[in-house]
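Structure first, commentary second.
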Amino acid sequence: MRTSLWSNLQQISFRLVSTATLHSFLKTCPNVRCIVVHTLRSLNAAGNAMPPIIAHALESLNIGEALDDLTETIAPLTAPNLKRLSYGYSFGSGQSKCLEDFLKRSGCKLESLCIVCTTPDFDEAETKSMLHTPIITAIPNFSLRLIEDGCDPSFPQTIITETAEKWRATAYVHHEPKNHGYHLGWGTLDMAHAYNIDYPFLVKSPKPLPKWTMSFTDGPLTSA
C-alpha cells in the first residue's frame, strides 16, 4: 500500500489491536483525526519502553476496553488537538497521574472525557485523585462509571458535590443496579460506551455487510 494512501487517512477503527500496532498507525497516518478501538491489548515486553510520538491531527480517541495497563498507550503519546477521549478500563490503579501528565504534555483542550471502570482497583482513592485535579475538572463534559465494589454507596454523590461546583447545573450521579455500578459526572456529552466496530463510518441499522476487510500482523507499517 502506498504511503500517500496512509497519509490521507482521517478515520480508522479496530476490532482488536495492540499498543505497538496502534502507535505504528499513528506514525504512518499523520492526518488521522478519529480512532475507535474495540479492544486494546499490550504485547510489549516488560521494560521495553515505546518511543515518543506526537499525533498532531488526532481529535478523538475511543477505546472500548483496555485489557492491560493504559499507561503504556498514553505515556509516550502527545495529542495537542485532542478534543474527545473515552476508554474502558479493567486493569489496576494509579492511572490518574499518567492521565494528568498526558493532558498537561499535550496541552489539549478536551471537550469530553469518559471513563468506564470495571475493576474495584479504581476505588475511592483513585477517584479522589482524579477529581481533585484542576485539569480534569476544567473539562466541560466528564463521565465516570465505577463498579459497586469499588466504593461506598454514598461516595459518588459526596465526591461530585466536592468537585463539580463549576458544573453543578449539569452535574449528576446515578446508581445503575443492572450494571452493578454508579455513573457520575457533569455535562451533556457522554461517549462512555464501546461503539460498534463500524463507528463512525456506519451508525445506522440495519448494518450492511462489509465490502472488504484487511488483516495484519503486529509490526511496523511499510510502503510498497
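Chain labels run A, B, ... following the order of the C-alpha cells; each chain numbers its residues from 1, and ligands are numbered from 1 in the order shown.
Excluding Pro80 of chain A itself and any same-chain residue fewer than 4 positions from it, the protein and nucleic acid residues within 10 Å of it, counting only C-alpha atoms, are Ile54, Ala55, His56, Ala57, Leu58, Glu59, Phe102, Leu103, Lys104, Arg105, Ser106, Gly107, Cys108, Lys109 and Leu110 of chain A.
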Notebook entry, point to check: If we count only C-alpha atoms, what is near Pro51 of chain A at a cut-off of 8 Å, once residues fewer than 2 positions away on the same chain are taken out, given as a list in words?
Noted result: Ala49, Ile53 and Pro76 of chain A
Notebook entry, point to check: How would you write, as a PyMOL selection string, the set of residues in segment 116-169 of chain A that DSSP gives as helix (DSSP H, G or I)?
Noted result: chain A and resi 124-131+134-137+148-150+155-163+165-167
Item checked: Shell of 7 Å around segment 5-18 of chain A, only C-alpha atoms, local chain residues under 5 positions omitted, as a count of residues only -> 18
Notebook entry, point to check: Mind checking DSSP for segment 6-213 of chain A and telling me the strand (DSSP E or B) residues as an MDAnalysis selection string?
Noted result: chainID A and resid 11:18 34:41 53:54 60:66 77:78 84:89 112:117 141:147 172:176 181:186
Please produce a file of those selected residues containing C-alpha atoms, as a PDB file, in the first residue's frame.
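The file below, selection32.pdb, is the result:
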ATOM      1  CA  GLN A  11     -10.688   7.881  10.412  1.00  0.00           C
ATOM      2  CA  ILE A  12      -9.950   4.299  11.390  1.00  0.00           C
ATOM      3  CA  SER A  13     -11.480   1.629  13.632  1.00  0.00           C
ATOM      4  CA  PHE A  14     -10.052  -1.595  15.046  1.00  0.00           C
ATOM      5  CA  ARG A  15     -11.728  -4.683  16.473  1.00  0.00           C
ATOM      6  CA  LEU A  16      -8.582  -5.829  18.330  1.00  0.00           C
ATOM      7  CA  VAL A  17      -5.234  -4.065  18.204  1.00  0.00           C
ATOM      8  CA  SER A  18      -2.029  -3.967  20.225  1.00  0.00           C
ATOM      9  CA  CYS A  34     -10.617   9.850  14.753  1.00  0.00           C
ATOM     10  CA  ILE A  35      -9.600   6.434  16.115  1.00  0.00           C
ATOM     11  CA  VAL A  36     -12.025   3.880  17.533  1.00  0.00           C
ATOM     12  CA  VAL A  37     -10.659   0.737  19.202  1.00  0.00           C
ATOM     13  CA  HIS A  38     -12.993  -2.017  20.393  1.00  0.00           C
ATOM     14  CA  THR A  39     -10.292  -3.876  22.383  1.00  0.00           C
ATOM     15  CA  LEU A  40      -6.744  -2.710  23.106  1.00  0.00           C
ATOM     16  CA  ARG A  41      -4.115  -5.140  24.309  1.00  0.00           C
ATOM     17  CA  ILE A  53       5.001  10.073  19.291  1.00  0.00           C
ATOM     18  CA  ILE A  54       3.092  13.284  18.519  1.00  0.00           C
ATOM     19  CA  SER A  60     -10.990  11.790  19.037  1.00  0.00           C
ATOM     20  CA  LEU A  61      -9.721   8.584  20.670  1.00  0.00           C
ATOM     21  CA  ASN A  62     -12.269   5.995  21.798  1.00  0.00           C
ATOM     22  CA  ILE A  63     -11.013   2.750  23.391  1.00  0.00           C
ATOM     23  CA  GLY A  64     -13.856   0.395  24.244  1.00  0.00           C
ATOM     24  CA  GLU A  65     -11.768  -1.811  26.539  1.00  0.00           C
ATOM     25  CA  ALA A  66      -8.110  -1.670  27.556  1.00  0.00           C
ATOM     26  CA  LEU A  77       1.747   9.940  23.294  1.00  0.00           C
ATOM     27  CA  THR A  78       1.229  13.665  22.809  1.00  0.00           C
ATOM     28  CA  ARG A  84     -12.654  13.724  22.959  1.00  0.00           C
ATOM     29  CA  LEU A  85     -11.162  10.861  24.958  1.00  0.00           C
ATOM     30  CA  SER A  86     -13.085   7.780  26.049  1.00  0.00           C
ATOM     31  CA  TYR A  87     -11.877   4.426  27.365  1.00  0.00           C
ATOM     32  CA  GLY A  88     -12.982   1.340  29.233  1.00  0.00           C
ATOM     33  CA  TYR A  89     -10.601   0.242  31.932  1.00  0.00           C
ATOM     34  CA  SER A 112     -15.205  15.369  26.708  1.00  0.00           C
ATOM     35  CA  LEU A 113     -13.569  12.730  28.925  1.00  0.00           C
ATOM     36  CA  CYS A 114     -15.444   9.468  29.518  1.00  0.00           C
ATOM     37  CA  ILE A 115     -14.138   6.535  31.555  1.00  0.00           C
ATOM     38  CA  VAL A 116     -15.754   3.170  32.264  1.00  0.00           C
ATOM     39  CA  CYS A 117     -14.084   1.244  35.119  1.00  0.00           C
ATOM     40  CA  ASN A 141     -18.169  17.069  29.772  1.00  0.00           C
ATOM     41  CA  PHE A 142     -16.962  14.385  32.174  1.00  0.00           C
ATOM     42  CA  SER A 143     -18.413  10.901  32.634  1.00  0.00           C
ATOM     43  CA  LEU A 144     -17.154   8.212  35.022  1.00  0.00           C
ATOM     44  CA  ARG A 145     -18.589   4.782  35.705  1.00  0.00           C
ATOM     45  CA  LEU A 146     -17.494   2.946  38.854  1.00  0.00           C
ATOM     46  CA  ILE A 147     -18.449  -0.554  39.903  1.00  0.00           C
ATOM     47  CA  TYR A 172     -25.322  14.090  38.045  1.00  0.00           C
ATOM     48  CA  VAL A 173     -24.994  10.845  39.992  1.00  0.00           C
ATOM     49  CA  HIS A 174     -26.909   7.710  39.005  1.00  0.00           C
ATOM     50  CA  HIS A 175     -26.982   4.268  40.545  1.00  0.00           C
ATOM     51  CA  GLU A 176     -27.194   1.608  37.817  1.00  0.00           C
ATOM     52  CA  GLY A 181     -22.222   0.387  39.359  1.00  0.00           C
ATOM     53  CA  TYR A 182     -22.531   4.156  39.562  1.00  0.00           C
ATOM     54  CA  HIS A 183     -22.491   6.757  36.806  1.00  0.00           C
ATOM     55  CA  LEU A 184     -21.307  10.207  37.832  1.00  0.00           C
ATOM     56  CA  GLY A 185     -20.072  13.346  36.152  1.00  0.00           C
ATOM     57  CA  TRP A 186     -21.250  16.564  34.563  1.00  0.00           C
TER      58      TRP A 186
END
Next item on the list: Can you work out which one of A:Pro156, A:Glu148, A:Ala75, A:Glu111 has the shortest atom-to-atom distance to Lys178 of chain A, counting only C-alpha atoms?
Entry: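 Using only C-alpha atoms, Lys178 of chain A sits closest to A:Glu148.
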Check: What is the distance between atom CA of Glu124 of chain A and atom CA of Pro177 of chain A, in Å to one decimal?
Finding: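 Atom CA of Glu124 of chain A sits 18.7 Å away from atom CA of Pro177 of chain A.
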Check: Expressed in Å to a single decimal, how great is the separation between atom CA of Ser129 of chain A and atom CA of Thr158 of chain A?
Finding: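 According to the coordinates, atom CA of Ser129 of chain A and atom CA of Thr158 of chain A are separated by 14.0 Å.
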Item checked: Length of the atom CA of Ile159 of chain A to atom CA of Ala138 of chain A vector [Å] ->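 Those two atoms sit 15.6 Å apart.
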For Asp149 of chain A, work out the shell of residues within 9 Å, counting only C-alpha atoms and skipping chain neighbours fewer than 3 positions away, then give it as an mmCIF file with C-alpha atoms, in the first residue's frame.
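Printed below is around.cif as written:
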data_model
loop_
_atom_site.group_PDB
_atom_site.id
_atom_site.type_symbol
_atom_site.label_atom_id
_atom_site.label_comp_id
_atom_site.auth_asym_id
_atom_site.auth_seq_id
_atom_site.Cartn_x
_atom_site.Cartn_y
_atom_site.Cartn_z
ATOM 1 C CA THR A 119 -12.317 -3.127 38.359
ATOM 2 C CA PRO A 120 -12.630 -2.369 42.094
ATOM 3 C CA ASP A 123 -11.602 2.898 44.019
ATOM 4 C CA LEU A 146 -17.494 2.946 38.854
ATOM 5 C CA ASP A 152 -19.258 3.133 49.385
ATOM 6 C CA HIS A 180 -23.701 -3.070 39.319
ATOM 7 C CA GLY A 181 -22.222 0.387 39.359
#
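Comparing A:Thr71, A:Thr188, A:Thr133, A:Asn179 by their smallest distance to Thr163 of chain A, the closest is A:Thr133 (using only C-alpha atoms).
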